[in-house]
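J.: Handing over target.txt, compact mmCIF, C-alpha atoms.
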```
# COMPACT_ATOMS: atom_id res chain seq x y z
CA MET A 55 104.31 150.53 147.24
CA VAL A 56 105.20 151.75 143.76
CA THR A 57 106.70 149.21 141.39
CA SER A 58 109.13 150.54 138.83
CA ARG A 59 108.85 149.66 135.17
CA ASP A 60 112.08 147.60 135.38
CA GLU A 61 110.64 145.56 138.29
CA ARG A 62 107.46 144.89 136.34
CA ARG A 63 109.37 143.71 133.28
CA PRO A 64 109.25 139.90 133.02
CA THR A 65 112.59 138.17 133.51
CA ALA A 66 114.02 135.68 131.03
CA ARG A 67 113.02 132.88 133.41
CA HIS A 68 109.44 134.17 133.59
CA ARG A 69 109.22 134.37 129.81
CA LEU A 70 110.50 130.81 129.54
CA GLU A 71 108.05 129.60 132.20
CA ASP A 72 105.15 131.34 130.47
CA ARG A 73 106.11 129.77 127.16
CA LEU A 74 106.41 126.31 128.70
CA HIS A 75 102.93 126.62 130.22
CA ALA A 76 101.42 127.94 126.97
CA LEU A 77 102.96 125.28 124.74
CA ALA A 78 101.85 122.49 127.08
CA ARG A 79 98.28 123.73 126.83
CA ALA A 80 98.49 124.19 123.06
CA HIS A 81 99.80 120.64 122.50
CA GLN A 82 97.59 118.86 125.09
CA VAL A 83 100.59 117.87 127.21
CA PRO A 84 99.47 117.25 130.83
CA GLY A 85 102.95 117.81 132.27
CA ALA A 86 106.49 118.66 131.19
CA GLN A 87 109.93 119.56 132.50
CA LEU A 88 112.69 121.66 130.97
CA ALA A 89 116.23 121.92 132.33
CA VAL A 90 118.84 124.22 130.79
CA HIS A 91 122.47 124.14 131.92
CA SER A 92 124.60 127.03 130.66
CA GLY A 93 127.53 128.95 132.06
CA GLY A 94 127.79 126.59 135.01
CA THR A 95 124.20 127.22 136.12
CA THR A 96 121.15 125.00 135.73
CA ARG A 97 117.62 126.35 135.39
CA ALA A 98 114.84 123.82 135.96
CA LEU A 99 111.20 124.49 135.04
CA HIS A 100 108.10 122.35 135.09
CA THR A 101 104.41 122.63 134.33
CA GLY A 102 101.17 120.71 134.68
CA VAL A 103 100.30 117.39 136.27
CA LEU A 104 101.93 113.98 136.30
CA ASP A 105 98.60 112.15 135.98
CA SER A 106 95.52 113.63 134.31
CA ILE A 107 93.24 111.46 136.49
CA THR A 108 94.67 112.23 139.93
CA GLY A 109 95.77 115.78 139.12
CA GLU A 110 99.02 115.39 141.09
CA PRO A 111 101.35 118.23 140.10
CA PHE A 112 104.56 117.83 138.19
CA THR A 113 107.68 118.78 140.13
CA ALA A 114 111.33 119.12 139.14
CA ASP A 115 111.89 115.66 140.68
CA THR A 116 109.04 113.82 138.91
CA ALA A 117 110.37 110.71 137.16
CA VAL A 118 109.15 110.31 133.56
CA PRO A 119 109.53 107.12 131.47
CA ILE A 120 112.38 108.23 129.18
CA GLY A 121 112.19 105.36 126.69
CA SER A 122 115.25 104.98 124.49
CA LEU A 123 117.23 107.58 126.43
CA THR A 124 117.83 104.56 128.68
CA LYS A 125 120.29 103.38 126.02
CA CYS A 126 122.59 106.31 126.88
CA TYR A 127 122.78 104.99 130.45
CA THR A 128 123.35 101.41 129.34
CA ALA A 129 126.11 102.49 126.96
CA THR A 130 127.76 104.58 129.68
CA VAL A 131 127.82 101.61 132.06
CA VAL A 132 129.46 99.49 129.34
CA MET A 133 132.08 102.22 128.88
CA LEU A 134 132.74 102.27 132.62
CA LEU A 135 133.39 98.52 132.37
CA VAL A 136 135.78 99.30 129.51
CA ALA A 137 137.50 101.83 131.77
CA ASP A 138 137.96 99.11 134.39
CA GLY A 139 139.49 96.75 131.84
CA ASP A 140 136.65 94.23 132.07
CA VAL A 141 135.52 94.73 128.45
CA GLU A 142 137.20 95.81 125.21
CA LEU A 143 135.15 97.68 122.61
CA ASP A 144 136.39 95.39 119.85
CA ASP A 145 135.58 92.19 121.75
CA GLN A 146 133.12 89.92 120.00
CA LEU A 147 129.67 90.25 121.55
CA GLY A 148 129.51 86.50 122.11
CA ASP A 149 132.65 86.68 124.27
CA HIS A 150 130.53 88.27 127.01
CA VAL A 151 127.00 87.04 126.27
CA PRO A 152 126.87 83.25 126.72
CA GLU A 153 123.52 82.88 124.94
CA LEU A 154 125.12 84.24 121.75
CA ARG A 155 128.43 82.38 121.70
CA ARG A 156 127.31 79.78 119.17
CA ALA A 157 124.56 81.31 117.03
CA GLY A 158 124.96 84.99 117.81
CA PRO A 159 125.76 87.74 115.31
CA PRO A 160 129.43 88.17 114.28
CA CYS A 161 129.63 91.68 115.71
CA THR A 162 131.63 93.61 118.30
CA VAL A 163 130.65 95.49 121.44
CA ARG A 164 131.46 98.75 119.63
CA GLN A 165 129.09 97.86 116.80
CA VAL A 166 126.27 97.04 119.20
CA LEU A 167 126.60 100.37 121.02
CA SER A 168 126.64 102.31 117.72
CA HIS A 169 123.77 100.40 116.04
CA THR A 170 126.12 99.17 113.32
CA ALA A 171 125.92 95.48 114.29
CA GLY A 172 123.38 94.68 111.56
CA LEU A 173 120.77 93.53 114.08
CA ALA A 174 117.04 93.83 113.52
CA SER A 175 115.19 96.36 115.66
CA GLY A 176 113.43 93.78 117.79
CA PRO A 177 109.83 92.63 118.23
CA ASP A 178 106.92 94.51 119.79
CA SER A 179 107.03 94.44 123.57
CA ASP A 180 103.65 92.69 123.78
CA HIS A 181 105.05 89.75 121.82
CA VAL A 182 107.93 89.08 124.22
CA ALA A 183 106.35 89.98 127.55
CA ALA A 184 106.80 86.45 128.91
CA LEU A 185 110.33 85.82 127.59
CA THR A 186 113.44 85.77 129.73
CA THR A 187 116.39 87.79 128.47
CA ALA A 188 118.12 84.59 127.41
CA ARG A 189 115.12 83.42 125.36
CA TYR A 190 114.74 86.90 123.87
CA LEU A 191 118.37 86.95 122.71
CA GLN A 192 118.25 83.46 121.27
CA ALA A 193 115.15 84.30 119.24
CA HIS A 194 115.79 87.91 118.19
CA CYS A 195 119.52 88.62 118.40
CA ASN A 196 121.18 86.14 116.11
CA GLY A 197 123.14 85.91 112.90
CA ARG A 198 120.19 84.58 110.87
CA GLN A 199 118.26 87.86 110.86
CA LEU A 200 121.00 90.38 110.03
CA VAL A 201 119.74 93.29 107.94
CA MET A 202 123.29 94.14 106.80
CA GLU A 203 126.86 93.04 107.35
CA PRO A 204 128.13 94.27 110.73
CA GLY A 205 130.08 97.50 110.51
CA THR A 206 128.79 98.55 107.08
CA ASP A 207 125.89 100.90 107.91
CA PHE A 208 123.42 101.94 110.60
CA SER A 209 120.26 100.20 111.78
CA TYR A 210 118.69 101.23 115.07
CA SER A 211 118.25 98.14 117.25
CA ASN A 212 116.54 97.61 120.59
CA ALA A 213 117.68 93.99 120.43
CA GLY A 214 121.30 95.14 120.40
CA TYR A 215 120.78 96.99 123.67
CA VAL A 216 119.08 93.99 125.23
CA ALA A 217 122.36 92.22 124.44
CA ALA A 218 124.37 95.13 125.91
CA GLY A 219 122.33 94.85 129.11
CA ARG A 220 123.04 91.14 129.27
CA LEU A 221 126.74 91.86 128.80
CA ILE A 222 126.61 94.14 131.85
CA GLU A 223 125.00 91.35 133.86
CA THR A 224 127.54 88.69 132.94
CA VAL A 225 130.53 90.96 133.57
CA THR A 226 129.32 92.44 136.88
CA GLY A 227 127.41 89.48 138.31
CA MET A 228 124.47 91.82 139.02
CA ASN A 229 121.16 92.20 137.24
CA TRP A 230 120.96 95.20 134.91
CA GLN A 231 118.96 97.38 137.31
CA ASP A 232 121.33 96.85 140.22
CA ALA A 233 124.37 97.39 138.01
CA VAL A 234 123.03 100.65 136.56
CA ARG A 235 122.08 101.84 140.03
CA SER A 236 125.41 101.12 141.70
CA ILE A 237 127.76 101.91 138.81
CA LEU A 238 126.07 105.01 137.37
CA LEU A 239 122.90 106.32 139.01
CA ASP A 240 124.25 106.51 142.56
CA PRO A 241 127.44 108.35 141.51
CA LEU A 242 125.31 110.78 139.47
CA GLY A 243 123.04 111.43 142.46
CA THR A 244 120.04 110.09 140.53
CA VAL A 245 117.33 108.35 142.56
CA PRO A 246 116.63 105.17 140.56
CA SER A 247 113.20 104.58 139.07
CA PHE A 248 112.40 101.78 136.64
CA ILE A 249 109.34 100.72 134.67
CA GLY A 250 108.00 97.47 136.09
CA ALA A 251 109.78 97.85 139.43
CA PRO A 252 108.62 99.28 142.78
CA GLY A 253 108.88 103.05 142.83
CA ALA A 254 111.58 104.84 144.78
CA PRO A 255 110.31 105.99 148.20
CA GLY A 256 109.21 109.61 148.06
CA ARG A 257 109.66 109.96 144.30
CA GLN A 258 106.56 110.37 142.15
CA ALA A 259 106.45 108.86 138.66
CA ALA A 260 104.57 110.40 135.76
CA ARG A 261 101.98 108.48 133.80
CA GLY A 262 102.08 108.51 130.00
CA HIS A 263 99.18 109.96 128.01
CA SER A 264 97.79 109.78 124.51
CA ALA A 265 96.53 113.08 123.09
CA ASN A 266 93.94 113.11 120.31
CA LYS A 267 94.14 116.54 118.71
CA ALA A 268 91.05 115.93 116.57
CA SER A 269 88.81 115.33 119.59
CA GLY A 270 90.78 117.42 122.07
CA ARG A 271 90.85 114.49 124.52
CA THR A 272 93.87 113.22 126.45
CA ARG A 273 93.81 109.84 128.16
CA PRO A 274 96.31 107.91 130.31
CA VAL A 275 98.07 104.90 128.80
CA ARG A 276 99.85 101.91 130.29
CA GLN A 277 103.56 101.17 129.92
CA ASN A 278 104.04 97.80 128.22
CA LEU A 279 107.80 97.39 128.07
CA ALA A 280 108.75 93.73 128.41
CA PRO A 281 111.08 92.90 131.33
CA ALA A 282 113.66 91.50 128.91
CA GLU A 283 113.88 94.91 127.20
CA ALA A 284 114.82 96.85 130.34
CA ALA A 285 118.30 97.86 129.16
CA ALA A 286 116.79 99.42 126.04
CA GLY A 287 114.06 101.51 127.67
CA ALA A 288 113.10 100.90 131.31
CA LEU A 289 114.45 103.99 133.06
CA ARG A 290 112.35 106.83 134.42
CA GLY A 291 113.99 110.15 135.12
CA SER A 292 113.62 113.91 135.24
CA ALA A 293 115.06 116.60 133.00
CA LEU A 294 117.55 117.33 135.79
CA ASP A 295 118.61 113.67 135.80
CA LEU A 296 119.28 113.89 132.06
CA VAL A 297 121.40 117.00 132.58
CA ALA A 298 123.46 115.13 135.20
CA LEU A 299 124.07 112.30 132.73
CA ALA A 300 125.12 114.68 129.97
CA LEU A 301 127.51 116.57 132.25
CA ALA A 302 129.26 113.27 133.02
CA HIS A 303 130.24 113.31 129.33
CA VAL A 304 131.21 116.98 129.05
CA PRO A 305 134.93 117.81 129.40
CA GLY A 306 135.70 119.29 132.81
CA SER A 307 132.28 118.50 134.28
CA SER A 308 132.38 114.78 135.08
CA ASP A 309 134.31 114.75 138.39
CA GLY A 310 136.23 111.74 137.15
CA LEU A 311 133.23 109.43 136.64
CA LEU A 312 134.15 108.59 133.05
CA PRO A 313 137.71 108.96 131.75
CA PRO A 314 137.84 111.89 129.30
CA GLU A 315 139.20 109.77 126.47
CA LEU A 316 136.29 107.33 126.75
CA ALA A 317 133.75 110.15 126.96
CA GLU A 318 135.27 111.55 123.79
CA GLU A 319 135.12 108.10 122.19
CA MET A 320 131.39 107.95 122.86
CA ARG A 321 130.91 111.31 121.12
CA ARG A 322 133.06 110.44 118.08
CA PRO A 323 131.14 109.68 114.84
CA VAL A 324 131.37 106.01 113.96
CA PRO A 325 132.59 105.58 110.36
CA GLY A 326 129.89 104.27 108.05
CA ALA A 327 127.06 104.92 110.49
CA ASP A 328 124.43 106.91 108.57
CA PRO A 329 121.32 107.25 110.77
CA GLY A 330 119.40 109.04 108.04
CA VAL A 331 116.55 111.15 109.42
CA LEU A 332 117.44 110.44 113.07
CA ALA A 333 120.63 112.50 113.35
CA ASP A 334 123.74 113.71 111.53
CA GLY A 335 125.84 110.85 112.87
CA TRP A 336 126.12 108.34 115.71
CA GLY A 337 128.65 107.59 118.39
CA LEU A 338 128.64 104.93 121.11
CA GLY A 339 125.22 105.31 122.69
CA PHE A 340 124.67 108.89 121.54
CA ALA A 341 123.16 110.51 118.47
CA LEU A 342 125.20 113.39 117.03
CA PHE A 343 123.76 116.66 115.74
CA GLY A 344 125.47 119.45 113.83
CA ARG A 345 124.87 123.09 114.78
CA ASP A 346 126.91 126.13 113.74
CA GLY A 347 130.04 124.09 113.15
CA ASN A 348 129.76 122.26 116.49
CA THR A 349 128.69 118.68 117.11
CA TRP A 350 126.17 118.21 119.92
CA PHE A 351 125.38 114.81 121.40
CA GLY A 352 122.11 113.50 122.81
CA HIS A 353 119.21 111.17 122.18
CA ASP A 354 115.43 111.08 121.87
CA GLY A 355 113.24 108.84 124.02
CA ASN A 356 109.63 107.81 123.58
CA ALA A 357 107.83 105.41 125.90
CA GLN A 358 104.08 104.74 125.90
CA GLY A 359 102.65 108.28 125.99
CA THR A 360 105.88 110.12 126.79
CA SER A 361 108.35 112.15 124.68
CA CYS A 362 111.78 113.14 126.03
CA TYR A 363 114.88 114.80 124.55
CA LEU A 364 118.50 115.49 125.48
CA ARG A 365 120.98 117.76 123.68
CA ALA A 366 124.48 118.71 124.91
CA ASP A 367 127.35 120.75 123.47
CA PRO A 368 130.65 119.37 124.77
CA GLY A 369 132.48 122.50 123.67
CA THR A 370 130.55 124.98 125.81
CA GLY A 371 129.07 122.63 128.41
CA THR A 372 125.56 123.68 127.45
CA VAL A 373 122.87 121.04 128.09
CA VAL A 374 119.15 121.14 127.32
CA ALA A 375 116.82 118.38 128.56
CA PHE A 376 113.07 118.08 128.09
CA THR A 377 110.57 115.51 129.35
CA SER A 378 106.82 115.27 128.80
CA ASN A 379 104.09 112.79 129.68
CA SER A 380 102.26 112.81 126.34
CA ASN A 381 102.86 111.53 122.83
CA SER A 382 102.14 115.09 121.68
CA GLY A 383 105.19 116.21 123.65
CA ALA A 384 107.19 115.64 120.47
CA ASP A 385 105.42 118.54 118.76
CA MET A 386 105.82 120.64 121.90
CA TRP A 387 109.57 119.98 121.96
CA HIS A 388 110.05 120.86 118.29
CA GLU A 389 108.27 124.18 118.78
CA LEU A 390 109.98 124.92 122.09
CA SER A 391 113.48 124.05 120.86
CA GLY A 392 112.97 126.37 117.91
CA GLU A 393 112.20 129.24 120.30
CA LEU A 394 114.98 128.64 122.83
CA GLU A 395 117.42 130.94 121.06
CA GLU A 396 115.09 133.90 121.54
CA LEU A 397 114.23 132.88 125.09
CA THR A 398 117.66 131.79 126.33
CA GLY A 399 120.21 132.60 123.63
CA ILE A 400 120.85 128.88 123.03
CA ARG A 401 120.49 127.40 119.56
CA VAL A 402 119.54 123.75 119.98
CA PRO A 403 120.00 121.34 117.09
CA GLY A 404 116.88 119.49 116.04
CA ALA A 405 116.56 117.61 112.77
CA PRO A 406 119.72 116.54 110.91
CA ALA A 407 121.60 119.63 109.72
CA ARG A 408 122.95 118.07 106.54
CA PRO A 409 121.48 119.86 103.51
CA ARG A 410 119.38 117.61 101.33
CA PRO A 411 119.85 117.67 97.57
CA ALA A 412 117.10 119.19 95.49
CA ALA A 413 114.01 116.98 95.64
CA THR A 414 114.35 115.51 92.17
CA PRO A 415 111.89 112.65 91.66
CA MET A 416 113.51 109.40 90.69
CA ALA A 417 113.06 108.56 87.04
CA SER A 418 112.74 104.82 87.52
CA THR A 419 111.13 103.70 90.75
CA ALA A 420 110.40 100.08 89.85
CA GLN A 421 113.78 99.06 91.29
CA CYS A 422 112.56 100.17 94.74
CA THR A 423 109.48 97.96 94.86
CA GLY A 424 109.44 94.76 96.86
CA THR A 425 109.10 93.31 100.34
CA TYR A 426 111.69 94.39 102.91
CA LEU A 427 112.19 92.67 106.26
CA ASN A 428 113.53 93.88 109.60
CA GLY A 429 113.07 90.95 111.95
CA ASP A 430 109.33 90.41 112.25
CA VAL A 431 108.45 93.74 110.59
CA GLU A 432 107.51 93.70 106.92
CA TYR A 433 107.69 96.77 104.70
CA GLU A 434 105.95 96.50 101.35
CA VAL A 435 106.81 99.04 98.63
CA THR A 436 104.44 98.94 95.65
CA MET A 437 104.04 100.98 92.49
CA SER A 438 100.74 102.01 90.89
CA ASP A 439 99.97 101.96 87.17
CA SER A 440 100.80 105.67 87.10
CA GLY A 441 104.27 105.02 88.50
CA THR A 442 103.79 106.37 92.03
CA LEU A 443 105.15 104.49 95.04
CA ALA A 444 103.36 103.54 98.25
CA LEU A 445 104.60 102.03 101.52
CA SER A 446 102.72 99.60 103.75
CA VAL A 447 104.00 98.37 107.13
CA ASP A 448 102.81 94.95 108.28
CA GLY A 449 99.80 95.13 105.98
CA ASP A 450 98.57 98.57 107.07
CA VAL A 451 96.93 100.96 104.60
CA PRO A 452 99.62 102.06 102.12
CA ALA A 453 100.91 105.63 102.37
CA PRO A 454 102.26 107.56 99.38
CA LEU A 455 106.05 107.50 99.05
CA VAL A 456 108.24 109.77 96.94
CA CYS A 457 111.74 108.61 96.01
CA HIS A 458 114.46 110.98 94.78
CA GLU A 459 117.49 110.44 92.55
CA ASP A 460 119.79 110.33 95.60
CA LEU A 461 117.62 107.43 96.91
CA THR A 462 116.25 109.46 99.84
CA CYS A 463 112.51 109.13 100.22
CA ASP A 464 109.64 111.11 101.72
CA LEU A 465 106.38 109.89 103.16
CA VAL A 466 103.35 111.91 102.10
CA ASP A 467 100.71 112.83 104.68
CA PRO A 468 97.46 111.78 102.95
CA SER A 469 95.42 114.49 104.70
CA SER A 470 97.69 117.47 104.09
CA GLY A 471 99.91 116.33 101.23
CA ARG A 472 102.95 117.44 103.28
CA ARG A 473 106.14 115.51 102.61
CA ILE A 474 107.87 114.09 105.67
CA PRO A 475 111.49 112.86 105.34
CA GLY A 476 111.22 109.13 105.87
CA GLY A 477 114.54 107.56 105.02
CA ARG A 478 116.47 106.19 102.07
CA PHE A 479 116.87 103.22 99.79
CA VAL A 480 120.30 101.55 99.72
CA ARG A 481 122.07 99.83 96.84
CA ASP A 482 124.09 96.64 97.07
CA PRO A 483 127.73 97.82 96.79
CA HIS A 484 128.59 94.92 94.47
CA THR A 485 125.61 94.75 92.10
CA GLY A 486 124.21 98.27 92.35
CA ALA A 487 120.69 96.92 92.83
CA VAL A 488 118.44 98.44 95.50
CA ASP A 489 118.38 95.78 98.21
CA ARG A 490 117.59 97.67 101.45
CA ILE A 491 115.46 100.48 102.79
CA GLN A 492 116.14 102.53 105.92
CA LEU A 493 113.07 104.04 107.60
CA SER A 494 113.34 106.05 110.82
CA GLY A 495 116.88 104.74 111.17
CA ARG A 496 115.86 101.06 110.90
CA MET A 497 117.27 99.09 108.00
CA ALA A 498 115.22 96.39 106.25
CA ARG A 499 116.60 93.97 103.66
CA LYS A 500 114.69 93.10 100.51
CA SER A 501 113.30 89.60 100.68
CA ALA A 502 114.91 87.15 98.27
CA LEU A 503 111.46 85.61 97.69
CA VAL A 504 110.21 88.68 95.84
```
Would you give me this structure, written as structure tokens?

T.:
Amino acid sequence: MVTSRDERRPTARHRLEDRLHALARAHQVPGAQLAVHSGGTTRALHTGVLDSITGEPFTADTAVPIGSLTKCYTATVVMLLVADGDVELDDQLGDHVPELRRAGPPCTVRQVLSHTAGLASGPDSDHVAALTTARYLQAHCNGRQLVMEPGTDFSYSNAGYVAAGRLIETVTGMNWQDAVRSILLDPLGTVPSFIGAPGAPGRQAARGHSANKASGRTRPVRQNLAPAEAAAGALRGSALDLVALALAHVPGSSDGLLPPELAEEMRRPVPGADPGVLADGWGLGFALFGRDGNTWFGHDGNAQGTSCYLRADPGTGTVVAFTSNSNSGADMWHELSGELEELTGIRVPGAPARPRPAATPMASTAQCTGTYLNGDVEYEVTMSDSGTLALSVDGDVPAPLVCHEDLTCDLVDPSSGRRIPGGRFVRDPHTGAVDRIQLSGRMARKSALV
């Protein structure tokens, strides 16, 4: 049989598959999934294995620990409770979370969902593994540890979503897992899979991996999410599952699951919420990204040894979802997303699109030095005799830090000298003194003892 030249020419799907395979190998990613929804059609691709030890293959249905993408599900369930009239967005958090009625933060449900409640990020999972949700909230979600006044700025908080999960429990009378399953996952057609819970019959779960590019070795890692933190990061899902979630928020695609006005509310930028290097803005549960005059919504999710991403354009209904079972999946995603326009015609937003001012070094950096606290995390900014800044986190080896006149700051990779956007310093609106620093979206307040 003679094959014509047109029949031998690789299709767009084949080119995308080949690129997915090649990038996974190049970035030491054992397995990955990509789902692209455009023009009413979804293309799902996958590559590699779900466990480097067993060699079991990835499939389109493989459930991957999606980390903080869980927050999008938790926020959506809260909004469905709003739709039912059980919760108001401007209710005080303590009205629905009994553990926080007396000593909780003076913030609203809306502020918790948008990370503008002023709450600290939350402790390491290993430190709270034995705590109940109630004990967790009493210790780490209170008014004593606020990093800013509620409603004044943005500080990414796992603790806030632990509180949102508890709100769901008190309103529904179900535990968080059962509530998410019955209220959201079942209507979406998503087979539930949770870290720390028995796996769904017939559904394989991917194992996270740590890739060492210097040695070329990739090893499996264990998930260590504390049970109390489930609402902030316990879900496992596929790229197709993430597409289904996004379509529930896209006009004309939700089949009535979420009222359109509430879906729009979740995608609306919250005033005063500046997530810095994380995104261009933030809504209720979703990060917001600018691209070609449009605002996409989505989120990033990293569990132990996994990297996952979701981006959706509500105007066109385009959705792109990516999951991987390696920490190096982040580099794979950034390279892949940059190539999607050539491969699919879709321009996916990545880093914040806001243009940064010229990198003018700050003339006086002494005002930025000091100890900054976000809950149990301590950031130490020091200045050398030559006037250069350095940042140390919880006593680690200091890394060079460059501060600019607009108070944005870059971390400097000691090995390459490359500057990596890190965050920004923030002035007190009344005194003008630098009193906070925001790094990777997490705000820390300068200690009064320094």

J.: Which residues come within 9 Å of Leu338 of chain A, counting all atoms listed in the file, excluding same-chain residues fewer than 3 positions away, as a VMD selection string?

T.: chain A and resid 126 129 to 130 133 164 to 169 319 to 324 341

J.: Please save C-alpha atoms of the selected residues as a compact mmCIF listing (two decimals), in the frame of the given file.

T.:
```txt
# COMPACT_ATOMS: atom_id res chain seq x y z
CA CYS A 126 122.59 106.31 126.88
CA ALA A 129 126.11 102.49 126.96
CA THR A 130 127.76 104.58 129.68
CA MET A 133 132.08 102.22 128.88
CA ARG A 164 131.46 98.75 119.63
CA GLN A 165 129.09 97.86 116.80
CA VAL A 166 126.27 97.04 119.20
CA LEU A 167 126.60 100.37 121.02
CA SER A 168 126.64 102.31 117.72
CA HIS A 169 123.77 100.40 116.04
CA GLU A 319 135.12 108.10 122.19
CA MET A 320 131.39 107.95 122.86
CA ARG A 321 130.91 111.31 121.12
CA ARG A 322 133.06 110.44 118.08
CA PRO A 323 131.14 109.68 114.84
CA VAL A 324 131.37 106.01 113.96
CA ALA A 341 123.16 110.51 118.47
```

J.: Go ahead and compute the interatomic distance for atom CA of Ser438 of chain A and atom CA of Ala420 of chain A, in Å to one decimal.

T.: 9.9 Å

J.: As an exercise, work out the distance from atom CA of Arg276 of chain A to atom CA of Arg261 of chain A in Å and give it to one decimal place.

T.: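 Interatomic distance, atom CA of Arg276 of chain A to atom CA of Arg261 of chain A: 7.7 Å.
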
J.: Nearest to Arg496 of chain A among A:Ala327, A:Leu443, A:Ala184, A:Ile237, with distances taken over all atoms listed in the file: which residue is it?

T.: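 Checking each of A:Ala327, A:Leu443, A:Ala184, A:Ile237 against Arg496 of chain A, counting all atoms listed in the file, the winner is A:Ala327.
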
J.: Between atom CA of Gly172 of chain A and atom CA of Pro475 of chain A, what is the spacing in Å?

T.: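 Separation between atom CA of Pro475 of chain A and atom CA of Gly172 of chain A: 22.6 Å.
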
J.: Excluding Ala251 of chain A and any residue of its chain fewer than 5 positions from it, enumerate the residues within 12 Å of it, using only C-alpha atoms, and give them as number ranges by chain.

T.: A: 231-232, 246, 259, 277, 279-281, 284, 288-290

J.: For Pro274 of chain A, which residue out of A:Leu445, A:Ala260, A:Val373, A:Ala137 is the nearest one, using all atoms listed in the file?

T.: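 Comparing A:Leu445, A:Ala260, A:Val373, A:Ala137 against Pro274 of chain A, the winner is A:Ala260.
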
J.: Which is closer to Thr101 of chain A than all the others in A:Leu239, A:Val331, A:Ala66, A:Ala86, using all atoms listed in the file?

T.: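 For Thr101 of chain A, the nearest of the given residues is A:Ala86.
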
J.: List as a PyMOL selection string the protein and nucleic acid residues near Gln192 of chain A, meaning an atom at most 8 Å away when all atoms listed in the file are counted, but skip any in the same chain fewer than 2 places from it.

T.: chain A and resi 153-154+157-158+188-190+194-196

J.: So which residues touch Arg73 of chain A within 10 Å, counting all atoms listed in the file, skipping near sequence neighbours fewer than 4 positions away, as a ChimeraX atom specification?

T.: /A:67-69,77-79,390,393-394,397

J.: Have a look at A:Gly197, A:Gly330, A:Gly399, A:Pro305 and name the one nearest to Ala366 of chain A; count only C-alpha atoms.

T.: A:Pro305

J.: Smallest atom-to-atom distance to Ser292 of chain A: which of A:Arg472, A:Asp354, A:Val245, A:Pro329, using only C-alpha atoms?

T.: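 Closest to Ser292 of chain A, using only C-alpha atoms: A:Val245.
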
J.: Of the candidates A:His181, A:Ala213, A:Gly287, A:Gln258, which shows the shortest atom-to-atom distance to Pro111 of chain A, using all atoms listed in the file?

T.: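 Of the candidates, the smallest distance to Pro111 of chain A is held by A:Gln258.
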
J.: Got a sec: who's within 10 Å of segment 481-494 of chain A, counting all atoms listed in the file, leaving out chain neighbours fewer than 3 positions off, as a PyMOL selection string?

T.: chain A and resi 201-202+208-210+328-332+420-428+433+435+461-465+475-478+497-502

J.: Taking (102.2, 114.2, 127.1) in the file's own coordinates, collect the residues within 10 Å, counting only C-alpha atoms, and hand them back as a VMD selection string.

T.: chain A and resid 78 81 to 86 103 to 106 260 to 265 272 to 274 358 to 362 377 to 386

J.: Neighbourhood query: residues within 12 Å of (128.3, 93.4, 128.1), file coordinates, counting all atoms listed in the file; return as a PyMOL selection string.

T.: chain A and resi 128-136+140-154+162-164+166-167+214-230+233+285

J.: Fix up segment 329-339 of chain A with N, CA and C atoms, then write it as an mmCIF file, keeping the file's coordinate frame.

T.:
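Written output follows (out-v4.cif):
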```
data_model
loop_
_atom_site.group_PDB
_atom_site.id
_atom_site.type_symbol
_atom_site.label_atom_id
_atom_site.label_comp_id
_atom_site.auth_asym_id
_atom_site.auth_seq_id
_atom_site.Cartn_x
_atom_site.Cartn_y
_atom_site.Cartn_z
ATOM 1 N N PRO A 329 122.643 107.458 110.180
ATOM 2 C CA PRO A 329 121.320 107.250 110.770
ATOM 3 C C PRO A 329 120.180 107.888 110.011
ATOM 4 N N GLY A 330 120.473 108.495 108.859
ATOM 5 C CA GLY A 330 119.400 109.040 108.040
ATOM 6 C C GLY A 330 118.678 110.184 108.729
ATOM 7 N N VAL A 331 117.361 110.051 108.880
ATOM 8 C CA VAL A 331 116.550 111.150 109.420
ATOM 9 C C VAL A 331 116.687 111.298 110.930
ATOM 10 N N LEU A 332 117.361 110.367 111.608
ATOM 11 C CA LEU A 332 117.440 110.440 113.070
ATOM 12 C C LEU A 332 118.435 111.489 113.549
ATOM 13 N N ALA A 333 119.560 111.620 112.865
ATOM 14 C CA ALA A 333 120.630 112.500 113.350
ATOM 15 C C ALA A 333 121.637 112.689 112.223
ATOM 16 N N ASP A 334 122.678 113.490 112.508
ATOM 17 C CA ASP A 334 123.740 113.710 111.530
ATOM 18 C C ASP A 334 124.816 112.638 111.605
ATOM 19 N N GLY A 335 124.870 111.918 112.692
ATOM 20 C CA GLY A 335 125.840 110.850 112.870
ATOM 21 C C GLY A 335 125.525 110.118 114.158
ATOM 22 N N TRP A 336 126.347 109.113 114.474
ATOM 23 C CA TRP A 336 126.120 108.340 115.710
ATOM 24 C C TRP A 336 127.437 107.960 116.325
ATOM 25 N N GLY A 337 127.487 108.047 117.651
ATOM 26 C CA GLY A 337 128.650 107.590 118.390
ATOM 27 C C GLY A 337 128.339 106.298 119.110
ATOM 28 N N LEU A 338 128.885 106.138 120.314
ATOM 29 C CA LEU A 338 128.640 104.930 121.110
ATOM 30 C C LEU A 338 127.584 105.256 122.154
ATOM 31 N N GLY A 339 126.322 105.032 121.793
ATOM 32 C CA GLY A 339 125.220 105.310 122.690
ATOM 33 C C GLY A 339 124.571 106.655 122.487
#
```
